[in-house]
2 protein chains.
Amino acid sequence: MVKLDPPQREWVEAMGLFLERSGFPPSSARIYGLLLMSAEPELSFEDLVATLGFGKAAVSTGLRRLQETNRVSERTRPGERRRYFRARLGPDAGVDRFRAFNSALCDLLEKGIALRGSRADAEITADLEASARFLRFLDVELDGLRARWEANGDG
Amino acid sequence: MVKLDPPQREWVEAMGLFLERSGFPPSSARIYGLLLMSAEPELSFEDLVATLGFGKAAVSTGLRRLQETNRVSERTRPGERRRYFRARLGPDAGVDRFRAFNSALCDLLEKGIALRGSRADAEITADLEASARFLRFLDVELDGLRARWEANGDG
DNA sequence: TGTTTGGTTCGGAACCATACGAACAAACTA
DNA sequence: TAGTTTGTTCGTATGGTTCCGAACCAAACA
């Protein structure tokens with residue numbers, strides 16, 4: 001059981017809602033939020049169950065998803081059977097997903113342009129081409145941005 | 001009713017699935033895909049119903065959502081009561097959403113850092129701070145990127 | 001007026017994801 | 001062996017979304 005102020009509890013909830021909007025299931029989202037807010041850097045399964053009020057089943061599957069996507073790591077302590085979970089903050093997971101998304105979209109748009117052919121309305125085709133060009137530009141530039149950030153050593 | 005090759009139909013479906021993953025309901029996603037693939041730049045309500053196989057209700061609400069989010073525009077032709085719908089390709093709607101998302105996340109992270117206080121584990125706090133710094137950097141740079149693209153006049 | 005056309009809204013059905021409780025398994029302990 | 005701890009898995013229930021058909025409304029036209 002983790003001790004949390006009411007504002008801290010609210011923050012966990014807010015973070016939970018936010019992560020849900022980015023595709024996490026509710027249980028995963030709350031778990032991750034709690035791991036970020038807790039004063040302790042790692043929490044046990046039982047801590048999560050008791051603090052969040054979810055059943056063991058929900059915590060179990062919620063953790064599994066978080067681990068599958070590399071968002072949470074797990075370790076054991078010598079002499080203890082319990083496992084302890086810790087949030088992993090990849091600095092740019094969001095950017096990677098954004099780039100992957102854009103890249104897929106760009107491929108799709110280009111395939112679409114080809115399928116429309118020359119008899120189709122030219123204005124829509126031109127819009128599609130402009131979008132595709134912009135997405136390519138963006139992909140290249142985002143890569144440069146990340147390199148620049150990493151070179152600065154601030155991250 | 002719009003005439004489509006089988007590959008074109010498949011593309012509409014692929015685009016539909018893609019847009020669903022970005023949060024559109026299925027009907028909106030298919031409508032938007034069809035508007036992009038159709039040789040005609042604008043389609044009537046009846047075209048959408050007949051081509052997609054959705055009921056009128058689904059098309060109606062699907063269109064509403066697309067219009068609410070500025071993804072589709074509508075106009076009438078002189079002497080016709082029917083309305084015609086056209087896809088709007090904002091070149092960077094995705095970037096705007098991404099920036100809004102990051103900005104909200106950054107606010108949330110900073111609030112979280114403040115709520116954790118000084119007694120909490122320092123490593124997690126440092127990770128949160130690094131993430132927040134990166135998000136700020138990204139926001140500024142994305143703005144610059146867009147300006148650069150618009151200055152080039154390619155979009 | 002009455003009728004047709006074009007589209008919206010409502011009620012119920014179907015579907016999907018997720019949560020819970022309970023049964024289960026695996027690893028220690030006594 | 002019997003019992004405790006630490007989770008996982010399974011079946012069922014529930015909540016939320018979206019669809020369809022039908023009723024409805026508003027505009028144009030006869």
# chains A, B, ... in the order shown; residues from 1 in each chain; ligands from 1
$ closest_atom_pairs --of "chain D" --to "stretch 74-86 of chain B" --cutoff "12 Å" --atoms "only C-alpha atoms (C1' of nucleotides)" --output "JSON lines"
{"residue": "D:DA26", "atom": "C1'", "partner": "B:Arg81", "partner_atom": "CA", "distance": 11.5}
{"residue": "D:DA27", "atom": "C1'", "partner": "B:Arg81", "partner_atom": "CA", "distance": 8.3}
{"residue": "D:DA28", "atom": "C1'", "partner": "B:Arg81", "partner_atom": "CA", "distance": 8.3}
$ interface_residues --of "chain C" --to "chain B" --cutoff "9 Å" --atoms "only C-alpha atoms (C1' of nucleotides)" --output "MDAnalysis selection string"
chainID C and resid 5:9
$ select_by_dssp --residues "stretch 11-151 of chain B" --states "alpha helix (DSSP H)" --output "VMD selection string"
chain B and resid 11 to 21 26 to 37 45 to 52 56 to 68 93 to 116 122 to 151
$ atom_distance --atom1 "atom CA of B:Ser28" --atom2 "atom CA of B:Leu63"
6.2 Å
$ interface_residues --of "chain A" --to "chain B" --cutoff "8 Å" --atoms "only C-alpha atoms" --output "MDAnalysis selection string"
chainID A and resid 7:8 11 15 18 36:41 89 91:92 98 105 108 112 115:116 119:121 123:124 127:128 130:131 133:134 138 141 145 149 154:155
$ write_last_selection --atoms "N, CA, C and O atoms" --output "short mmCIF file (atom, residue, chain, number, x, y, z; two decimals), in the first residue's frame"
data_model
loop_
_atom_site.label_atom_id
_atom_site.label_comp_id
_atom_site.auth_asym_id
_atom_site.auth_seq_id
_atom_site.Cartn_x
_atom_site.Cartn_y
_atom_site.Cartn_z
N PRO A 7 -4.05 15.19 -3.77
CA PRO A 7 -3.62 15.71 -5.07
C PRO A 7 -2.79 14.71 -5.86
O PRO A 7 -2.87 14.64 -7.08
N GLN A 8 -2.02 13.93 -5.14
CA GLN A 8 -1.22 12.91 -5.83
C GLN A 8 -2.12 11.85 -6.44
O GLN A 8 -1.92 11.41 -7.56
N TRP A 11 -3.54 13.17 -9.49
CA TRP A 11 -2.57 13.18 -10.59
C TRP A 11 -2.48 11.79 -11.23
O TRP A 11 -2.45 11.67 -12.46
N MET A 15 -3.15 11.23 -15.10
CA MET A 15 -2.20 10.54 -15.96
C MET A 15 -2.84 9.30 -16.56
O MET A 15 -2.64 8.98 -17.74
N PHE A 18 -5.01 10.28 -19.38
CA PHE A 18 -4.17 10.70 -20.50
C PHE A 18 -3.61 9.50 -21.25
O PHE A 18 -3.67 9.42 -22.48
N LEU A 36 4.94 6.26 -11.41
CA LEU A 36 5.62 7.55 -11.60
C LEU A 36 5.46 8.46 -10.39
O LEU A 36 6.33 9.27 -10.10
N MET A 37 4.34 8.34 -9.71
CA MET A 37 4.08 9.28 -8.62
C MET A 37 4.62 8.79 -7.29
O MET A 37 4.97 9.58 -6.41
N SER A 38 4.72 7.48 -7.13
CA SER A 38 5.15 6.95 -5.85
C SER A 38 6.53 7.45 -5.44
O SER A 38 7.43 7.59 -6.27
N ALA A 39 6.69 7.73 -4.15
CA ALA A 39 8.00 8.14 -3.66
C ALA A 39 9.01 7.01 -3.79
O ALA A 39 10.18 7.24 -4.08
N GLU A 40 8.53 5.78 -3.60
CA GLU A 40 9.40 4.62 -3.81
C GLU A 40 9.62 4.41 -5.31
O GLU A 40 8.66 4.52 -6.07
N PRO A 41 10.81 4.07 -5.72
CA PRO A 41 11.04 3.88 -7.15
C PRO A 41 10.47 2.57 -7.68
O PRO A 41 10.23 2.45 -8.87
N LEU A 89 11.13 5.27 -18.32
CA LEU A 89 10.77 6.44 -19.11
C LEU A 89 11.68 6.55 -20.32
O LEU A 89 12.68 7.26 -20.29
N PRO A 91 12.83 8.35 -23.26
CA PRO A 91 12.63 9.78 -23.42
C PRO A 91 11.78 10.12 -24.65
O PRO A 91 11.15 11.14 -24.70
N ASP A 92 11.73 9.26 -25.62
CA ASP A 92 11.12 9.67 -26.89
C ASP A 92 10.24 8.57 -27.49
O ASP A 92 10.10 8.49 -28.70
N PHE A 98 5.11 8.38 -33.28
CA PHE A 98 4.65 9.39 -34.23
C PHE A 98 5.31 9.18 -35.58
O PHE A 98 4.65 9.22 -36.63
N LEU A 105 1.43 6.18 -42.79
CA LEU A 105 0.45 7.03 -43.47
C LEU A 105 0.98 7.48 -44.83
O LEU A 105 0.25 7.48 -45.83
N LEU A 108 0.73 4.81 -47.33
CA LEU A 108 -0.66 4.63 -47.73
C LEU A 108 -1.08 5.73 -48.71
O LEU A 108 -1.74 5.46 -49.72
N GLY A 112 -2.28 5.36 -52.53
CA GLY A 112 -3.55 5.94 -52.93
C GLY A 112 -3.42 6.83 -54.16
O GLY A 112 -4.25 6.76 -55.08
N LEU A 115 -3.19 4.68 -57.11
CA LEU A 115 -4.46 4.02 -57.45
C LEU A 115 -5.48 4.99 -58.04
O LEU A 115 -6.36 4.58 -58.79
N ARG A 116 -5.39 6.24 -57.67
CA ARG A 116 -6.34 7.21 -58.22
C ARG A 116 -6.16 7.37 -59.72
O ARG A 116 -7.12 7.59 -60.44
N ARG A 119 -7.08 9.97 -64.34
CA ARG A 119 -8.42 10.47 -64.67
C ARG A 119 -9.11 11.09 -63.47
O ARG A 119 -10.15 11.74 -63.63
N ALA A 120 -8.56 10.89 -62.30
CA ALA A 120 -9.23 11.40 -61.10
C ALA A 120 -9.00 12.90 -60.94
O ALA A 120 -8.08 13.47 -61.53
N ASP A 121 -9.82 13.49 -60.13
CA ASP A 121 -9.74 14.93 -59.87
C ASP A 121 -8.33 15.36 -59.47
O ASP A 121 -7.74 14.78 -58.56
N GLU A 123 -7.18 18.15 -58.15
CA GLU A 123 -6.95 18.94 -56.94
C GLU A 123 -6.74 18.04 -55.73
O GLU A 123 -5.81 18.24 -54.94
N ILE A 124 -7.62 17.04 -55.61
CA ILE A 124 -7.45 16.10 -54.49
C ILE A 124 -6.10 15.39 -54.60
O ILE A 124 -5.38 15.24 -53.60
N ASP A 127 -3.44 17.60 -53.39
CA ASP A 127 -3.44 17.69 -51.93
C ASP A 127 -2.77 16.47 -51.31
O ASP A 127 -2.01 16.58 -50.36
N LEU A 128 -3.11 15.32 -51.88
CA LEU A 128 -2.50 14.10 -51.35
C LEU A 128 -0.98 14.14 -51.53
O LEU A 128 -0.23 13.75 -50.63
N ALA A 130 0.92 16.77 -51.75
CA ALA A 130 1.50 17.73 -50.82
C ALA A 130 1.61 17.12 -49.43
O ALA A 130 2.63 17.28 -48.74
N SER A 131 0.58 16.39 -49.00
CA SER A 131 0.63 15.76 -47.69
C SER A 131 1.78 14.76 -47.61
O SER A 131 2.52 14.72 -46.63
N ARG A 133 4.52 14.67 -49.38
CA ARG A 133 5.81 15.38 -49.35
C ARG A 133 6.10 15.92 -47.96
O ARG A 133 7.21 15.80 -47.45
N PHE A 134 5.08 16.50 -47.35
CA PHE A 134 5.29 17.06 -46.01
C PHE A 134 5.67 15.96 -45.02
O PHE A 134 6.56 16.14 -44.17
N LEU A 138 8.96 15.79 -42.78
CA LEU A 138 8.86 15.70 -41.33
C LEU A 138 9.68 14.54 -40.78
O LEU A 138 10.37 14.67 -39.76
N GLU A 141 13.34 15.42 -40.80
CA GLU A 141 13.68 16.46 -39.84
C GLU A 141 13.59 15.96 -38.40
O GLU A 141 14.38 16.35 -37.54
N LEU A 145 16.33 16.13 -35.52
CA LEU A 145 16.04 16.73 -34.22
C LEU A 145 16.52 15.84 -33.09
O LEU A 145 17.13 16.31 -32.12
N TRP A 149 19.32 16.61 -30.24
CA TRP A 149 19.05 16.53 -28.80
C TRP A 149 20.06 15.62 -28.10
O TRP A 149 20.62 15.95 -27.07
N ASP A 154 21.68 16.79 -23.05
CA ASP A 154 20.77 17.21 -21.99
C ASP A 154 19.84 16.08 -21.57
O ASP A 154 19.32 16.08 -20.47
N GLY A 155 19.60 15.16 -22.54
CA GLY A 155 18.63 14.12 -22.21
C GLY A 155 19.27 13.11 -21.33
O GLY A 155 18.66 12.15 -20.96
#
$ interface_residues --of "chain D" --to "chain A" --cutoff "8 Å" --atoms "only C-alpha atoms (C1' of nucleotides)" --output "short mmCIF file (atom, residue, chain, number, x, y, z; two decimals) with N, CA, C and O atoms (P, O5', C5', C4', C3', O3' and C1' of nucleotides), in the first residue's frame"
data_model
loop_
_atom_site.label_atom_id
_atom_site.label_comp_id
_atom_site.auth_asym_id
_atom_site.auth_seq_id
_atom_site.Cartn_x
_atom_site.Cartn_y
_atom_site.Cartn_z
P DT D 6 4.13 -12.71 -0.32
"O5'" DT D 6 3.97 -13.04 -1.86
"C5'" DT D 6 4.99 -13.78 -2.51
"C4'" DT D 6 4.59 -14.05 -3.94
"C3'" DT D 6 3.90 -12.88 -4.66
"O3'" DT D 6 4.55 -12.65 -5.88
"C1'" DT D 6 2.66 -14.86 -4.93
P DG D 7 4.44 -11.21 -6.62
"O5'" DG D 7 2.94 -11.25 -7.16
"C5'" DG D 7 2.76 -11.24 -8.54
"C4'" DG D 7 2.37 -12.64 -9.05
"C3'" DG D 7 1.47 -12.60 -10.27
"O3'" DG D 7 2.24 -12.86 -11.42
"C1'" DG D 7 0.84 -14.29 -8.69
P DT D 8 1.64 -12.52 -12.86
"O5'" DT D 8 0.77 -13.80 -13.21
"C5'" DT D 8 1.42 -15.06 -13.38
"C4'" DT D 8 0.42 -16.09 -13.89
"C3'" DT D 8 -0.39 -15.66 -15.11
"O3'" DT D 8 -0.49 -16.78 -15.98
"C1'" DT D 8 -1.85 -16.27 -13.37
#
$ atom_distance --atom1 "atom CA of B:Arg71" --atom2 "atom CA of A:Asp139"
22.7 Å
$ atom_distance --atom1 "atom CA of A:Glu13" --atom2 "atom CA of A:Ser73"
21.4 Å
$ residues_around --residues "C:DT29" --least-positions-apart "5" --cutoff "12 Å" --atoms "only C-alpha atoms (C1' of nucleotides)" --output "list in words"
DT1, DA2, DG3, DT4 and DT5 of chain D
$ select_by_dssp --residues "chain B" --states "strand (DSSP E or B)" --output "list in words"
Leu43, Ser44, Val72, Ser73, Glu74, Arg75, Thr76, Arg83, Tyr84, Phe85, Arg86 and Ala87 of chain B
$ write_last_selection --atoms "N, CA, C and O atoms" --output "CSV table (one decimal), in the first residue's frame"
chain,number,residue,atom,x,y,z
B,43,LEU,N,-18.8,13.9,-53.2
B,43,LEU,CA,-19.8,12.9,-53.3
B,43,LEU,C,-21.0,13.3,-52.5
B,43,LEU,O,-21.0,14.0,-51.5
B,44,SER,N,-22.2,12.8,-52.9
B,44,SER,CA,-23.4,13.0,-52.2
B,44,SER,C,-23.6,12.0,-51.1
B,44,SER,O,-23.0,11.0,-51.0
B,72,VAL,N,-13.9,17.4,-43.2
B,72,VAL,CA,-14.7,17.3,-44.4
B,72,VAL,C,-15.5,18.6,-44.5
B,72,VAL,O,-16.0,19.1,-43.5
B,73,SER,N,-15.6,19.1,-45.8
B,73,SER,CA,-16.4,20.3,-46.0
B,73,SER,C,-17.6,19.9,-46.8
B,73,SER,O,-17.6,18.9,-47.5
B,74,GLU,N,-18.6,20.8,-46.8
B,74,GLU,CA,-19.9,20.4,-47.4
B,74,GLU,C,-20.3,21.6,-48.2
B,74,GLU,O,-20.1,22.8,-47.8
B,75,ARG,N,-21.0,21.4,-49.4
B,75,ARG,CA,-21.6,22.5,-50.1
B,75,ARG,C,-22.8,22.0,-50.9
B,75,ARG,O,-23.0,20.8,-51.1
B,76,THR,N,-23.5,22.9,-51.4
B,76,THR,CA,-24.7,22.5,-52.2
B,76,THR,C,-24.4,23.1,-53.6
B,76,THR,O,-23.7,24.1,-53.8
B,83,ARG,N,-26.6,17.7,-50.7
B,83,ARG,CA,-25.4,18.3,-50.3
B,83,ARG,C,-24.2,17.4,-50.8
B,83,ARG,O,-24.4,16.2,-50.9
B,84,TYR,N,-23.1,18.0,-51.1
B,84,TYR,CA,-22.0,17.3,-51.5
B,84,TYR,C,-20.8,17.5,-50.6
B,84,TYR,O,-20.6,18.6,-50.1
B,85,PHE,N,-20.1,16.4,-50.3
B,85,PHE,CA,-19.1,16.4,-49.3
B,85,PHE,C,-17.7,16.2,-49.9
B,85,PHE,O,-17.6,15.4,-50.9
B,86,ARG,N,-16.7,16.9,-49.4
B,86,ARG,CA,-15.4,16.8,-49.9
B,86,ARG,C,-14.4,16.7,-48.8
B,86,ARG,O,-14.6,17.3,-47.7
B,87,ALA,N,-13.3,15.9,-49.0
B,87,ALA,CA,-12.3,15.7,-48.0
B,87,ALA,C,-11.4,17.0,-47.9
B,87,ALA,O,-11.1,17.6,-49.0
